[in-house]
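Structure record follows, encoded as structure tokens.
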Amino acid sequence: MFPRILVLSMLLPFVVSCAPPATVPPQPQSASQPAANAGPKRLTAAVRGDPHTVYQKLNPRSNVPGIDALEHLVNTGLTVPAADGRDRVAYLAVASATVANGNWRLLPDGSMETTWTIREGVIWHDGMPLTADDLVFTATVVRDKALPIFGHVAYNYLGSVEALDARTVVARWSQPYIKADELFSPDLALPLPKHRLEQVYLTDKDHFLEDPYWSSEFIGDGPYRIKEWEPGSHLLFEANTRYLPGRPKIDEIVVKFIPDPNTLAANILSGEVDMPWGGRIDIEWATNVADQWGAGKLDTRFSSMLQIFVQHINPTPPILLNPDFKRAMVHTLDRQNMADTFQLGLSSVGHTFINPREPEYPFLESAIMKYDYDPRKALELLERLGYTKAADGFLRNRSGQNLAFQIRTSQGDLRQEKPMYASADDWQRLGVEVKRHLVPPQRARDAEYRATFPAFDLKGQAGTIDYAPSFHSQRIALPENNYRVSGNNSRYSNPDMDLAIERYFTTLPWDERMEWGRRVVQRLSEDVGWIGLYYEVAPVLVPNRLSGVPRARNEGIMLDQIHEWDLNT
């Protein structure tokens, strides 16, 4: 993103990626081309949940693991991230939107336009062509305030999307937005088929999201299409032989639903599963599996972090809204010990949500308020708030009530369960009565239940500046939006924070933008809108028989280019 926007603001010359797969999409292959082997090539993956959809935006808070991975199989954006993470590569579009090629225009009045032309021959899984009308329809749906689950801060600046011809659209923006070139991609708006969804959208919007299209009848434009869906068991995908960037080299992909980590390990070691997808696996667990696994190897990536979300709407107890109380809770946590223990000494404390490996971090670090491990300081802050330690070791307020609250996380997720118990132990040693709660898989999709946790909720989230819009007040799950928005898991609201986020993503010059970024991280840390634990070393188990897997800048495998993967015989 850094060089891309510098190009936009004309502060640096155009940079050409040196990675061949990222600069020129593969050429299409004939659907009639014979396979190299007599039998179909099949890869078996597993996810830690039982998905109800293959469209990630319908998975608030990513409560069901693995849906983001499934989305990469069935849907492709007009552009995808380059391996370096800085530019966009055209896949279903003729070209990405850049100033250099004229598809991203800054206008004298401060507005801008971005233009995309769909490559000739792009089709949906049902054989219908992907057209400009589909993109206009997509923009209409995702900006519909009656469907807030699709919402994004970017749409505040998106004025109109108009079809210029059958394959070309122009998006007009009221002001600059630094990630405008990601329109019609997963973060902003993956293309939707107008011919399949328009009627239900116009006639039954209240049940639009319940339409079977979003699950068993899904029609995408990606490298694989759904062949079989057995709820509670597996999904079978078959190669889209007419996928324009290139027919997938692997003919079939089976994705098993295996929530239990012990069962998953047994399946990997027995050869029933080639690799896990969708995260939610613990580095210690993965290391133990890899040590016994002769069929593959363990890689790692650094792209996310683990944090504790603090409830900011009607919390129990209400004292959670007090910044000094929240600071005391952070001072109580021995986060470096957690990082050393649970990340095998490969990580560090997460003082902010941006990973230190990100290019923006050095420019923002000095604005972060850091709360070191200091139980004595924590106790001083609590005493000022009227809490004293009783003879039994528990903290009590002036009314004689014990200081008590709940911390919860998802059941069966070791990478979250272990730090939850460690955090509870630290707080309990200080004198807090902590109630530990594991959310069963059956309640994972209950959006209201997940959003209205009483005190603290521990989860993993992305570790880049791109996650900042998730702290915007527009992303708070509320009764009026049926709890169908996600991102702002703490339900934290601050007008100054909203302004800083908006200005960051609409400011082109790097130095000015970093000043707004500093304001984002400073405000969040001052208010303790969220508690960062540590940056995660995410394990990736890769089978030896898998080849052609590009690596991203954060060292993770790239599902965007899964059609290039192959299986060695």
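Scheme for the structure tokens: letters A, B, ... for chains in order shown; per-chain residue numbers from 1; ligand numbers from 1 in order shown.
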
Enumerate the residues of range 199-413 of chain A with a DSSP assignment of strand (DSSP E), computed from the backbone, and present them as an mmCIF file with N, CA, C and O atoms, in the first residue's frame.
```
data_model
loop_
_atom_site.group_PDB
_atom_site.id
_atom_site.type_symbol
_atom_site.label_atom_id
_atom_site.label_comp_id
_atom_site.auth_asym_id
_atom_site.auth_seq_id
_atom_site.Cartn_x
_atom_site.Cartn_y
_atom_site.Cartn_z
ATOM 1 N N TYR A 224 -12.960 -22.256 -8.272
ATOM 2 C CA TYR A 224 -13.673 -23.498 -7.937
ATOM 3 C C TYR A 224 -15.150 -23.196 -7.728
ATOM 4 O O TYR A 224 -15.534 -22.075 -7.389
ATOM 5 N N ARG A 225 -15.959 -24.213 -7.938
ATOM 6 C CA ARG A 225 -17.387 -24.080 -7.692
ATOM 7 C C ARG A 225 -17.853 -25.224 -6.802
ATOM 8 O O ARG A 225 -17.238 -26.296 -6.759
ATOM 9 N N ILE A 226 -18.932 -24.983 -6.107
ATOM 10 C CA ILE A 226 -19.456 -25.977 -5.163
ATOM 11 C C ILE A 226 -20.077 -27.145 -5.919
ATOM 12 O O ILE A 226 -20.946 -26.967 -6.764
ATOM 13 N N LYS A 227 -19.625 -28.336 -5.582
ATOM 14 C CA LYS A 227 -20.185 -29.555 -6.175
ATOM 15 C C LYS A 227 -21.065 -30.303 -5.175
ATOM 16 O O LYS A 227 -22.083 -30.894 -5.547
ATOM 17 N N GLU A 228 -20.671 -30.244 -3.896
ATOM 18 C CA GLU A 228 -21.416 -30.983 -2.865
ATOM 19 C C GLU A 228 -21.205 -30.295 -1.526
ATOM 20 O O GLU A 228 -20.097 -29.886 -1.196
ATOM 21 N N TRP A 229 -22.292 -30.148 -0.774
ATOM 22 C CA TRP A 229 -22.218 -29.514 0.550
ATOM 23 C C TRP A 229 -22.976 -30.393 1.537
ATOM 24 O O TRP A 229 -24.191 -30.544 1.453
ATOM 25 N N GLU A 230 -22.252 -30.968 2.468
ATOM 26 C CA GLU A 230 -22.841 -31.800 3.508
ATOM 27 C C GLU A 230 -22.641 -31.087 4.841
ATOM 28 O O GLU A 230 -21.561 -31.155 5.428
ATOM 29 N N HIS A 234 -18.595 -31.768 5.284
ATOM 30 C CA HIS A 234 -17.586 -31.329 4.329
ATOM 31 C C HIS A 234 -18.210 -30.534 3.187
ATOM 32 O O HIS A 234 -19.427 -30.529 2.989
ATOM 33 N N LEU A 235 -17.352 -29.892 2.428
ATOM 34 C CA LEU A 235 -17.689 -29.267 1.162
ATOM 35 C C LEU A 235 -16.777 -29.858 0.094
ATOM 36 O O LEU A 235 -15.585 -30.059 0.332
ATOM 37 N N LEU A 236 -17.325 -30.132 -1.070
ATOM 38 C CA LEU A 236 -16.528 -30.601 -2.194
ATOM 39 C C LEU A 236 -16.595 -29.549 -3.299
ATOM 40 O O LEU A 236 -17.686 -29.147 -3.727
ATOM 41 N N PHE A 237 -15.426 -29.086 -3.725
ATOM 42 C CA PHE A 237 -15.326 -28.100 -4.791
ATOM 43 C C PHE A 237 -14.698 -28.753 -6.015
ATOM 44 O O PHE A 237 -13.768 -29.562 -5.894
ATOM 45 N N GLU A 238 -15.180 -28.382 -7.192
ATOM 46 C CA GLU A 238 -14.575 -28.855 -8.426
ATOM 47 C C GLU A 238 -14.006 -27.673 -9.199
ATOM 48 O O GLU A 238 -14.504 -26.539 -9.094
ATOM 49 N N ALA A 239 -12.975 -27.931 -9.976
ATOM 50 C CA ALA A 239 -12.298 -26.873 -10.715
ATOM 51 C C ALA A 239 -13.239 -26.210 -11.709
ATOM 52 O O ALA A 239 -14.024 -26.876 -12.385
ATOM 53 N N GLU A 252 -10.028 -31.208 -7.768
ATOM 54 C CA GLU A 252 -11.045 -31.167 -6.716
ATOM 55 C C GLU A 252 -10.401 -30.796 -5.383
ATOM 56 O O GLU A 252 -9.263 -31.174 -5.109
ATOM 57 N N ILE A 253 -11.151 -30.077 -4.585
ATOM 58 C CA ILE A 253 -10.724 -29.755 -3.224
ATOM 59 C C ILE A 253 -11.845 -30.137 -2.270
ATOM 60 O O ILE A 253 -12.992 -29.694 -2.431
ATOM 61 N N VAL A 254 -11.524 -30.985 -1.318
ATOM 62 C CA VAL A 254 -12.465 -31.339 -0.256
ATOM 63 C C VAL A 254 -12.077 -30.541 0.983
ATOM 64 O O VAL A 254 -10.903 -30.516 1.362
ATOM 65 N N VAL A 255 -13.046 -29.880 1.580
ATOM 66 C CA VAL A 255 -12.807 -29.158 2.828
ATOM 67 C C VAL A 255 -13.653 -29.795 3.918
ATOM 68 O O VAL A 255 -14.891 -29.734 3.877
ATOM 69 N N LYS A 256 -12.999 -30.451 4.867
ATOM 70 C CA LYS A 256 -13.703 -31.100 5.970
ATOM 71 C C LYS A 256 -13.906 -30.108 7.116
ATOM 72 O O LYS A 256 -13.105 -29.201 7.321
ATOM 73 N N PHE A 257 -14.988 -30.306 7.862
ATOM 74 C CA PHE A 257 -15.295 -29.461 9.002
ATOM 75 C C PHE A 257 -14.892 -30.202 10.275
ATOM 76 O O PHE A 257 -15.570 -31.148 10.690
ATOM 77 N N MET A 275 -3.969 -30.443 4.834
ATOM 78 C CA MET A 275 -3.572 -29.214 5.524
ATOM 79 C C MET A 275 -4.796 -28.514 6.112
ATOM 80 O O MET A 275 -5.898 -28.630 5.583
ATOM 81 N N PRO A 276 -4.607 -27.799 7.225
ATOM 82 C CA PRO A 276 -5.700 -26.999 7.785
ATOM 83 C C PRO A 276 -5.712 -25.610 7.159
ATOM 84 O O PRO A 276 -4.667 -25.062 6.802
ATOM 85 N N GLY A 296 4.856 -33.421 5.480
ATOM 86 C CA GLY A 296 4.836 -31.986 5.242
ATOM 87 C C GLY A 296 5.737 -31.241 6.196
ATOM 88 O O GLY A 296 6.514 -31.835 6.950
ATOM 89 N N LYS A 297 5.616 -29.919 6.166
ATOM 90 C CA LYS A 297 6.473 -29.086 7.001
ATOM 91 C C LYS A 297 5.671 -27.942 7.605
ATOM 92 O O LYS A 297 4.550 -27.619 7.155
ATOM 93 N N LEU A 298 6.259 -27.317 8.601
ATOM 94 C CA LEU A 298 5.633 -26.196 9.290
ATOM 95 C C LEU A 298 6.275 -24.895 8.836
ATOM 96 O O LEU A 298 7.492 -24.720 8.924
ATOM 97 N N ASP A 299 5.466 -23.979 8.333
ATOM 98 C CA ASP A 299 5.891 -22.616 8.050
ATOM 99 C C ASP A 299 5.174 -21.683 9.019
ATOM 100 O O ASP A 299 4.202 -22.083 9.673
ATOM 101 N N THR A 300 5.642 -20.444 9.103
ATOM 102 C CA THR A 300 4.977 -19.464 9.956
ATOM 103 C C THR A 300 4.772 -18.171 9.187
ATOM 104 O O THR A 300 5.474 -17.879 8.221
ATOM 105 N N ARG A 301 3.806 -17.404 9.651
ATOM 106 C CA ARG A 301 3.567 -16.082 9.081
ATOM 107 C C ARG A 301 3.259 -15.117 10.223
ATOM 108 O O ARG A 301 2.837 -15.514 11.312
ATOM 109 N N PHE A 302 3.455 -13.846 9.972
ATOM 110 C CA PHE A 302 3.235 -12.818 10.978
ATOM 111 C C PHE A 302 2.260 -11.792 10.400
ATOM 112 O O PHE A 302 2.658 -10.916 9.641
ATOM 113 N N SER A 303 0.994 -11.936 10.732
ATOM 114 C CA SER A 303 0.031 -11.015 10.143
ATOM 115 C C SER A 303 -1.107 -10.627 11.073
ATOM 116 O O SER A 303 -1.903 -9.765 10.728
ATOM 117 N N SER A 304 -1.204 -11.244 12.222
ATOM 118 C CA SER A 304 -2.342 -10.978 13.094
ATOM 119 C C SER A 304 -1.871 -10.784 14.525
ATOM 120 O O SER A 304 -0.690 -10.861 14.833
ATOM 121 N N MET A 305 -2.808 -10.497 15.390
ATOM 122 C CA MET A 305 -2.479 -10.378 16.803
ATOM 123 C C MET A 305 -3.654 -10.863 17.633
ATOM 124 O O MET A 305 -4.772 -10.995 17.140
ATOM 125 N N LEU A 306 -3.370 -11.127 18.884
ATOM 126 C CA LEU A 306 -4.396 -11.581 19.816
ATOM 127 C C LEU A 306 -4.717 -10.429 20.753
ATOM 128 O O LEU A 306 -3.804 -9.746 21.250
ATOM 129 N N GLN A 307 -5.986 -10.212 21.007
ATOM 130 C CA GLN A 307 -6.382 -9.083 21.847
ATOM 131 C C GLN A 307 -7.618 -9.407 22.663
ATOM 132 O O GLN A 307 -8.331 -10.364 22.377
ATOM 133 N N ILE A 308 -7.826 -8.582 23.656
ATOM 134 C CA ILE A 308 -9.018 -8.677 24.496
ATOM 135 C C ILE A 308 -9.878 -7.460 24.202
ATOM 136 O O ILE A 308 -9.436 -6.318 24.371
ATOM 137 N N PHE A 309 -11.091 -7.701 23.745
ATOM 138 C CA PHE A 309 -12.015 -6.607 23.499
ATOM 139 C C PHE A 309 -12.735 -6.256 24.792
ATOM 140 O O PHE A 309 -13.120 -7.134 25.561
ATOM 141 N N VAL A 310 -12.904 -4.960 25.014
ATOM 142 C CA VAL A 310 -13.528 -4.436 26.228
ATOM 143 C C VAL A 310 -14.922 -3.935 25.871
ATOM 144 O O VAL A 310 -15.075 -3.100 24.972
ATOM 145 N N THR A 388 -10.458 -1.650 47.641
ATOM 146 C CA THR A 388 -9.466 -2.057 48.640
ATOM 147 C C THR A 388 -9.435 -3.575 48.703
ATOM 148 O O THR A 388 -10.432 -4.253 48.401
ATOM 149 N N LYS A 389 -8.271 -4.095 49.118
ATOM 150 C CA LYS A 389 -8.130 -5.545 49.221
ATOM 151 C C LYS A 389 -8.576 -5.996 50.603
ATOM 152 O O LYS A 389 -8.100 -5.509 51.624
ATOM 153 N N LEU A 395 -10.627 -7.871 45.907
ATOM 154 C CA LEU A 395 -10.841 -6.427 45.864
ATOM 155 C C LEU A 395 -12.327 -6.131 46.021
ATOM 156 O O LEU A 395 -13.173 -6.792 45.403
ATOM 157 N N ARG A 396 -12.631 -5.133 46.865
ATOM 158 C CA ARG A 396 -14.023 -4.750 47.080
ATOM 159 C C ARG A 396 -14.161 -3.244 46.927
ATOM 160 O O ARG A 396 -13.237 -2.476 47.226
ATOM 161 N N ALA A 404 -15.773 -8.178 40.280
ATOM 162 C CA ALA A 404 -15.951 -9.428 39.537
ATOM 163 C C ALA A 404 -16.364 -9.119 38.105
ATOM 164 O O ALA A 404 -17.106 -8.171 37.850
ATOM 165 N N PHE A 405 -15.858 -9.904 37.175
ATOM 166 C CA PHE A 405 -16.284 -9.779 35.787
ATOM 167 C C PHE A 405 -15.994 -11.073 35.034
ATOM 168 O O PHE A 405 -15.318 -11.976 35.549
ATOM 169 N N GLN A 406 -16.506 -11.142 33.816
ATOM 170 C CA GLN A 406 -16.335 -12.330 32.979
ATOM 171 C C GLN A 406 -15.346 -12.057 31.851
ATOM 172 O O GLN A 406 -15.290 -10.967 31.302
ATOM 173 N N ILE A 407 -14.573 -13.068 31.495
ATOM 174 C CA ILE A 407 -13.806 -13.060 30.260
ATOM 175 C C ILE A 407 -14.195 -14.312 29.490
ATOM 176 O O ILE A 407 -14.350 -15.393 30.063
ATOM 177 N N ARG A 408 -14.385 -14.149 28.178
ATOM 178 C CA ARG A 408 -14.820 -15.283 27.372
ATOM 179 C C ARG A 408 -13.979 -15.379 26.107
ATOM 180 O O ARG A 408 -13.317 -14.436 25.689
ATOM 181 N N THR A 409 -14.037 -16.555 25.503
ATOM 182 C CA THR A 409 -13.435 -16.777 24.195
ATOM 183 C C THR A 409 -14.085 -18.008 23.588
ATOM 184 O O THR A 409 -14.921 -18.668 24.219
ATOM 185 N N SER A 410 -13.690 -18.351 22.373
ATOM 186 C CA SER A 410 -14.296 -19.471 21.655
ATOM 187 C C SER A 410 -13.777 -20.805 22.170
ATOM 188 O O SER A 410 -12.568 -21.004 22.302
#
```

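Among the candidate residues A:Pro193, A:Pro315, A:Pro323, A:Gly127, the one lying nearest to Glu526 in chain A is A:Pro323, with distances computed using only C-alpha atoms.
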
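Among the candidates A:Phe363, A:Tyr387, A:Trp510, A:Trp293, the one nearest to Asn544 in chain A when counting only C-alpha atoms is A:Trp293.
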
**Prompt:** range 345-351 of chain A: which residues within 6 Å, counting only C-alpha atoms, same-chain residues fewer than 6 positions away excluded, as a ChimeraX atom specification?
**Reply:** /A:335-336,339,370,532-535

**Request:** With a distance cut-off of 12 Å and only C-alpha atoms, select the neighbouring residues of Tyr201 in chain A, excluding the residue or stretch itself and same-chain residues fewer than 3 positions from it, and output the selection as a VMD selection string.
**Result:** chain A and resid 137 to 138 140 to 142 144 146 to 147 192 to 198 204 to 211 213

For Ser486 in chain A: contacts at 6 Å, only C-alpha atoms, fewer than 4 positions along chain excluded, given as a compact mmCIF listing (two decimals) with N, CA, C and O atoms, in the first residue's frame:
```txt
# COMPACT_ATOMS: atom_id res chain seq x y z
N PRO A 60 -20.09 -12.28 10.63
CA PRO A 60 -19.67 -11.19 11.53
C PRO A 60 -18.68 -11.66 12.58
O PRO A 60 -18.81 -12.74 13.15
N ARG A 61 -17.65 -10.81 12.81
CA ARG A 61 -16.63 -11.07 13.81
C ARG A 61 -15.84 -12.35 13.50
O ARG A 61 -15.09 -12.83 14.34
N ARG A 475 -19.12 0.67 12.72
CA ARG A 475 -18.96 -0.79 12.73
C ARG A 475 -19.39 -1.41 14.06
O ARG A 475 -18.98 -2.53 14.38
```

**Message:** Calculated over only C-alpha atoms, which of the candidates A:Trp530, A:Tyr492, A:Phe394, A:Phe471 has the smallest distance to His152 in chain A?
**Reply:** A:Phe471

**Prompt:** What is the distance between CA of Pro186 in chain A and CA of Leu92 in chain A, in Å to one decimal?
**Reply:** 13.3 Å

**Request:** Excluding Ile258 in chain A and residues on its chain fewer than 5 positions from it, collect all residues at most 7 Å away from it, counting only C-alpha atoms, and give them as a VMD selection string.
**Result:** chain A and resid 46 to 49 263 to 264

**Prompt:** Contacts of Ala180 in chain A at 9 Å or less, counting only C-alpha atoms, minus same-chain residues fewer than 4 places along, as a PyMOL selection string?
**Reply:** chain A and resi 97+104+114+154+158+173+176+188

Expected file contents, prior selection, C-alpha atoms, as a PDB file, in the first residue's frame:
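And here's part_37.pdb as it stands now:
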```
ATOM      1  CA  ALA A  97      -6.669   1.201 -11.097  1.00  0.00           C
ATOM      2  CA  TRP A 104      -7.317   6.334 -11.191  1.00  0.00           C
ATOM      3  CA  THR A 114     -11.600   4.892 -10.702  1.00  0.00           C
ATOM      4  CA  ALA A 154     -15.140   3.645   2.143  1.00  0.00           C
ATOM      5  CA  LEU A 158     -18.306   6.575  -2.992  1.00  0.00           C
ATOM      6  CA  TRP A 173     -15.648   9.415  -5.276  1.00  0.00           C
ATOM      7  CA  PRO A 176      -9.678  10.798  -2.270  1.00  0.00           C
ATOM      8  CA  LEU A 188     -14.883  -3.665  -0.129  1.00  0.00           C
TER       9      LEU A 188
END
```

**Message:** Using only C-alpha atoms, can you tell me which of A:Asn314, A:Asn494, A:Thr287, A:Thr203 comes closest to Val537 in chain A?
**Reply:** A:Thr287

**Request:** Would you list, as an MDAnalysis selection string, the residues of range 208-325 of chain A that end up in alpha helix (DSSP H) under DSSP run on this structure's backbone?
**Result:** chainID A and resid 261:270 283:292 323:325

**Message:** As an exercise, work out the distance from CA of Met128 in chain A to CA of Tyr243 in chain A in Å and give it to one decimal place.
**Reply:** 12.6 Å

**Message:** So, with only C-alpha atoms as the atoms that count, which of A:Gly110, A:Pro248, A:Pro479, A:Gly463 lies closest to His563 in chain A?
**Reply:** A:Pro248

**Prompt:** Hey, can you check how far CA of Ala189 in chain A sits from CA of Gln311 in chain A?
**Reply:** 28.7 Å
